[in-house]
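Below is the file final.txt, which contains compact mmCIF, N, CA and C atoms.
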# COMPACT_ATOMS: atom_id res chain seq x y z
N MET A 30 34.97 148.50 -37.33
CA MET A 30 33.85 148.28 -38.21
C MET A 30 34.02 146.92 -38.86
N SER A 31 32.97 146.16 -38.94
CA SER A 31 33.02 144.81 -39.52
C SER A 31 32.97 144.88 -41.03
N THR A 32 33.70 144.00 -41.64
CA THR A 32 33.65 143.86 -43.09
C THR A 32 32.85 142.62 -43.41
N PRO A 33 32.38 142.48 -44.65
CA PRO A 33 31.62 141.27 -45.00
C PRO A 33 32.39 139.98 -44.72
N GLU A 34 33.72 140.02 -44.88
CA GLU A 34 34.52 138.83 -44.61
C GLU A 34 34.46 138.46 -43.13
N ASP A 35 34.47 139.48 -42.25
CA ASP A 35 34.38 139.21 -40.80
C ASP A 35 33.06 138.55 -40.45
N ILE A 36 32.00 138.98 -41.08
CA ILE A 36 30.67 138.42 -40.79
C ILE A 36 30.61 136.96 -41.22
N ARG A 37 31.19 136.63 -42.39
CA ARG A 37 31.20 135.24 -42.84
C ARG A 37 32.00 134.37 -41.88
N ASP A 38 33.07 134.92 -41.30
CA ASP A 38 33.90 134.17 -40.37
C ASP A 38 33.13 133.82 -39.09
N LEU A 39 32.11 134.61 -38.75
CA LEU A 39 31.33 134.37 -37.53
C LEU A 39 30.26 133.30 -37.74
N GLY A 40 30.14 132.79 -38.93
CA GLY A 40 29.17 131.73 -39.18
C GLY A 40 27.81 132.23 -39.60
N ALA A 41 27.70 133.47 -40.03
CA ALA A 41 26.42 133.99 -40.49
C ALA A 41 26.05 133.30 -41.80
N PRO A 42 24.78 133.05 -42.03
CA PRO A 42 24.39 132.40 -43.28
C PRO A 42 24.65 133.32 -44.47
N PRO A 43 24.88 132.75 -45.63
CA PRO A 43 25.11 133.58 -46.82
C PRO A 43 23.87 134.42 -47.13
N VAL A 44 24.10 135.54 -47.78
CA VAL A 44 23.02 136.43 -48.15
C VAL A 44 22.07 135.68 -49.07
N GLY A 45 20.80 135.80 -48.80
CA GLY A 45 19.79 135.17 -49.62
C GLY A 45 19.43 133.75 -49.21
N GLU A 46 20.08 133.22 -48.17
CA GLU A 46 19.73 131.88 -47.73
C GLU A 46 18.34 131.90 -47.11
N GLU A 47 17.54 130.91 -47.46
CA GLU A 47 16.17 130.86 -46.98
C GLU A 47 16.13 130.41 -45.52
N VAL A 48 15.33 131.09 -44.72
CA VAL A 48 15.15 130.74 -43.32
C VAL A 48 13.87 129.92 -43.20
N HIS A 49 13.97 128.76 -42.56
CA HIS A 49 12.79 127.89 -42.41
C HIS A 49 11.98 128.34 -41.21
N MET A 50 10.70 128.60 -41.44
CA MET A 50 9.76 128.93 -40.37
C MET A 50 8.60 127.94 -40.46
N PRO A 51 8.19 127.37 -39.32
CA PRO A 51 7.05 126.46 -39.37
C PRO A 51 5.76 127.20 -39.69
N ALA A 52 4.82 126.49 -40.25
CA ALA A 52 3.52 127.09 -40.56
C ALA A 52 2.78 127.40 -39.27
N PRO A 53 1.97 128.45 -39.27
CA PRO A 53 1.17 128.75 -38.07
C PRO A 53 0.21 127.60 -37.78
N SER A 54 0.00 127.33 -36.50
CA SER A 54 -0.85 126.20 -36.13
C SER A 54 -1.51 126.48 -34.78
N ALA A 55 -2.74 126.00 -34.66
CA ALA A 55 -3.46 126.10 -33.39
C ALA A 55 -3.21 124.88 -32.51
N LEU A 56 -2.50 123.88 -33.04
CA LEU A 56 -2.30 122.64 -32.29
C LEU A 56 -1.63 122.84 -30.93
N PRO A 57 -0.58 123.66 -30.82
CA PRO A 57 0.02 123.84 -29.49
C PRO A 57 -0.97 124.43 -28.47
N LEU A 58 -1.80 125.35 -28.91
CA LEU A 58 -2.79 125.95 -28.00
C LEU A 58 -3.84 124.93 -27.58
N ILE A 59 -4.35 124.17 -28.52
CA ILE A 59 -5.35 123.14 -28.21
C ILE A 59 -4.75 122.07 -27.30
N ASN A 60 -3.50 121.69 -27.60
CA ASN A 60 -2.80 120.68 -26.82
C ASN A 60 -2.65 121.14 -25.36
N ALA A 61 -2.19 122.36 -25.17
CA ALA A 61 -2.00 122.89 -23.82
C ALA A 61 -3.33 123.04 -23.09
N ALA A 62 -4.36 123.49 -23.79
CA ALA A 62 -5.68 123.66 -23.16
C ALA A 62 -6.25 122.30 -22.73
N ALA A 63 -6.09 121.30 -23.58
CA ALA A 63 -6.61 119.97 -23.23
C ALA A 63 -5.90 119.40 -22.01
N LEU A 64 -4.59 119.59 -21.93
CA LEU A 64 -3.85 119.10 -20.76
C LEU A 64 -4.27 119.86 -19.50
N ALA A 65 -4.43 121.16 -19.61
CA ALA A 65 -4.86 121.96 -18.45
C ALA A 65 -6.25 121.54 -17.99
N ILE A 66 -7.15 121.31 -18.94
CA ILE A 66 -8.51 120.88 -18.58
C ILE A 66 -8.46 119.51 -17.91
N ALA A 67 -7.63 118.61 -18.43
CA ALA A 67 -7.50 117.28 -17.83
C ALA A 67 -7.01 117.37 -16.39
N ILE A 68 -6.04 118.22 -16.14
CA ILE A 68 -5.50 118.36 -14.78
C ILE A 68 -6.55 118.94 -13.84
N VAL A 69 -7.24 119.99 -14.28
CA VAL A 69 -8.26 120.61 -13.43
C VAL A 69 -9.45 119.65 -13.23
N ALA A 70 -9.77 118.89 -14.27
CA ALA A 70 -10.94 118.00 -14.21
C ALA A 70 -10.74 116.82 -13.27
N ILE A 71 -9.51 116.57 -12.86
CA ILE A 71 -9.29 115.48 -11.89
C ILE A 71 -10.14 115.70 -10.64
N THR A 72 -10.35 116.95 -10.28
CA THR A 72 -11.15 117.26 -9.10
C THR A 72 -12.64 117.34 -9.40
N ILE A 73 -13.01 117.29 -10.67
CA ILE A 73 -14.41 117.48 -11.05
C ILE A 73 -15.05 116.17 -11.49
N SER A 74 -14.53 115.58 -12.57
CA SER A 74 -15.17 114.39 -13.14
C SER A 74 -14.17 113.60 -13.96
N TRP A 75 -14.18 112.27 -13.79
CA TRP A 75 -13.25 111.42 -14.51
C TRP A 75 -13.54 111.34 -15.99
N TRP A 76 -14.80 111.46 -16.40
CA TRP A 76 -15.09 111.40 -17.83
C TRP A 76 -14.56 112.64 -18.54
N VAL A 77 -14.57 113.78 -17.88
CA VAL A 77 -13.99 114.99 -18.47
C VAL A 77 -12.47 114.81 -18.62
N VAL A 78 -11.85 114.17 -17.63
CA VAL A 78 -10.41 113.87 -17.72
C VAL A 78 -10.16 113.01 -18.94
N GLY A 79 -10.97 111.97 -19.13
CA GLY A 79 -10.80 111.07 -20.27
C GLY A 79 -10.93 111.78 -21.61
N VAL A 80 -11.95 112.62 -21.75
CA VAL A 80 -12.15 113.35 -23.00
C VAL A 80 -10.98 114.29 -23.26
N ALA A 81 -10.57 115.02 -22.23
CA ALA A 81 -9.46 115.96 -22.39
C ALA A 81 -8.16 115.24 -22.74
N LEU A 82 -7.92 114.07 -22.13
CA LEU A 82 -6.71 113.31 -22.44
C LEU A 82 -6.76 112.75 -23.86
N LEU A 83 -7.94 112.37 -24.35
CA LEU A 83 -8.06 111.93 -25.74
C LEU A 83 -7.73 113.07 -26.70
N ILE A 84 -8.23 114.26 -26.40
CA ILE A 84 -7.92 115.43 -27.24
C ILE A 84 -6.43 115.74 -27.16
N PHE A 85 -5.87 115.66 -25.96
CA PHE A 85 -4.43 115.89 -25.78
C PHE A 85 -3.61 114.90 -26.60
N ALA A 86 -3.96 113.62 -26.54
CA ALA A 86 -3.22 112.60 -27.28
C ALA A 86 -3.35 112.81 -28.80
N ALA A 87 -4.54 113.12 -29.27
CA ALA A 87 -4.76 113.33 -30.70
C ALA A 87 -3.96 114.53 -31.21
N THR A 88 -3.98 115.64 -30.47
CA THR A 88 -3.24 116.82 -30.92
C THR A 88 -1.73 116.60 -30.82
N THR A 89 -1.28 115.84 -29.85
CA THR A 89 0.15 115.54 -29.74
C THR A 89 0.61 114.72 -30.94
N ILE A 90 -0.15 113.70 -31.30
CA ILE A 90 0.20 112.86 -32.45
C ILE A 90 0.21 113.68 -33.73
N ARG A 91 -0.79 114.50 -33.93
CA ARG A 91 -0.87 115.32 -35.14
C ARG A 91 0.27 116.34 -35.18
N TRP A 92 0.58 116.94 -34.05
CA TRP A 92 1.65 117.94 -33.97
C TRP A 92 3.00 117.31 -34.31
N VAL A 93 3.28 116.15 -33.74
CA VAL A 93 4.55 115.46 -34.02
C VAL A 93 4.61 115.07 -35.50
N ARG A 94 3.51 114.59 -36.06
CA ARG A 94 3.48 114.23 -37.48
C ARG A 94 3.76 115.45 -38.36
N ASP A 95 3.17 116.60 -38.02
CA ASP A 95 3.41 117.82 -38.79
C ASP A 95 4.87 118.26 -38.72
N VAL A 96 5.47 118.16 -37.54
CA VAL A 96 6.88 118.54 -37.39
C VAL A 96 7.77 117.60 -38.19
N LYS A 97 7.49 116.31 -38.16
CA LYS A 97 8.28 115.35 -38.95
C LYS A 97 8.17 115.67 -40.44
N ARG A 98 6.98 116.02 -40.90
CA ARG A 98 6.79 116.37 -42.31
C ARG A 98 7.57 117.63 -42.66
N ASP A 99 7.54 118.63 -41.79
CA ASP A 99 8.29 119.87 -42.02
C ASP A 99 9.79 119.59 -42.10
N ILE A 100 10.29 118.76 -41.21
CA ILE A 100 11.72 118.44 -41.22
C ILE A 100 12.09 117.68 -42.48
N ALA A 101 11.23 116.78 -42.93
CA ALA A 101 11.50 116.00 -44.14
C ALA A 101 11.54 116.88 -45.38
N GLU A 102 10.84 118.01 -45.35
CA GLU A 102 10.81 118.91 -46.50
C GLU A 102 12.01 119.85 -46.56
N LEU A 103 12.85 119.86 -45.53
CA LEU A 103 14.03 120.72 -45.55
C LEU A 103 15.00 120.24 -46.62
N PRO A 104 15.80 121.14 -47.19
CA PRO A 104 16.79 120.71 -48.17
C PRO A 104 17.79 119.75 -47.54
N LEU A 105 18.37 118.86 -48.36
CA LEU A 105 19.31 117.87 -47.86
C LEU A 105 20.54 118.50 -47.26
N GLU A 106 21.00 119.64 -47.78
CA GLU A 106 22.22 120.25 -47.26
C GLU A 106 21.99 121.05 -45.98
N HIS A 107 20.75 121.05 -45.48
CA HIS A 107 20.44 121.78 -44.25
C HIS A 107 21.06 121.06 -43.04
N HIS A 108 21.71 121.82 -42.19
CA HIS A 108 22.31 121.26 -40.98
C HIS A 108 21.55 121.75 -39.77
N HIS A 109 21.22 120.86 -38.86
CA HIS A 109 20.44 121.22 -37.65
C HIS A 109 21.34 121.85 -36.64

Let me see the file written as structure tokens.
Amino acid sequence: MSTPEDIRDLGAPPVGEEVHMPAPSALPLINAAALAIAIVAITISWWVVGVALLIFAATTIRWVRDVKRDIAELPLEHHH
């Protein structure tokens, strides 16, 4: 049977430590859909490819910016 000391030795976080979870977002879904539409549209129309790639680029930039902001808000003593 494990004792609390054994659990701490395994590297478990201390009791009450906050777990960071990203905020829910539709950006990954929109990003993936835009890329899929762009790939399929290659056989249909180049202007649809262009629009889908613009949406893909915009959502990628916004998604990366949101992740950078989330990481910057983590406590300084947080280790990745």

Here is a test: counting only N, CA and C atoms, which residue of A:Glu106, A:Ile66, A:Met50, A:Ala101 is nearest to A:Val78? A:Ile66

For stretch 52-69 of chain A, what centre and edge lengths in Å (one decimal) does the axis-aligned box get once 5 Å is added on each side of all its listed atoms, as JSON?
{"center_x": -2.3, "center_y": 123.0, "center_z": -26.9, "size_x": 24.3, "size_y": 21.5, "size_z": 37.3}

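Going from atom CA of A:Arg91 over to atom CA of A:Trp76, you cover 22.7 Å.
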
Atom pair atom CA of A:Phe85 + atom CA of A:Ile100, distance 22.5 Å

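As for atom C of A:Ala87 and atom N of A:Ala65, they are spaced 13.4 Å apart.
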
One residue among A:Val77, A:Ile71, A:Leu105, A:Leu56 is nearest to A:Thr89 when using all atoms listed in the file, and that residue is A:Leu56

So which one's closest to A:Asn60, A:Ser74, A:Ala86, A:Glu102, A:Val80? Using only N, CA and C atoms, please. A:Ala86

Counting only C-alpha atoms, which of A:Ala70, A:Ala81, A:Trp92, A:Trp75 gets nearest to A:Ala55? A:Trp92
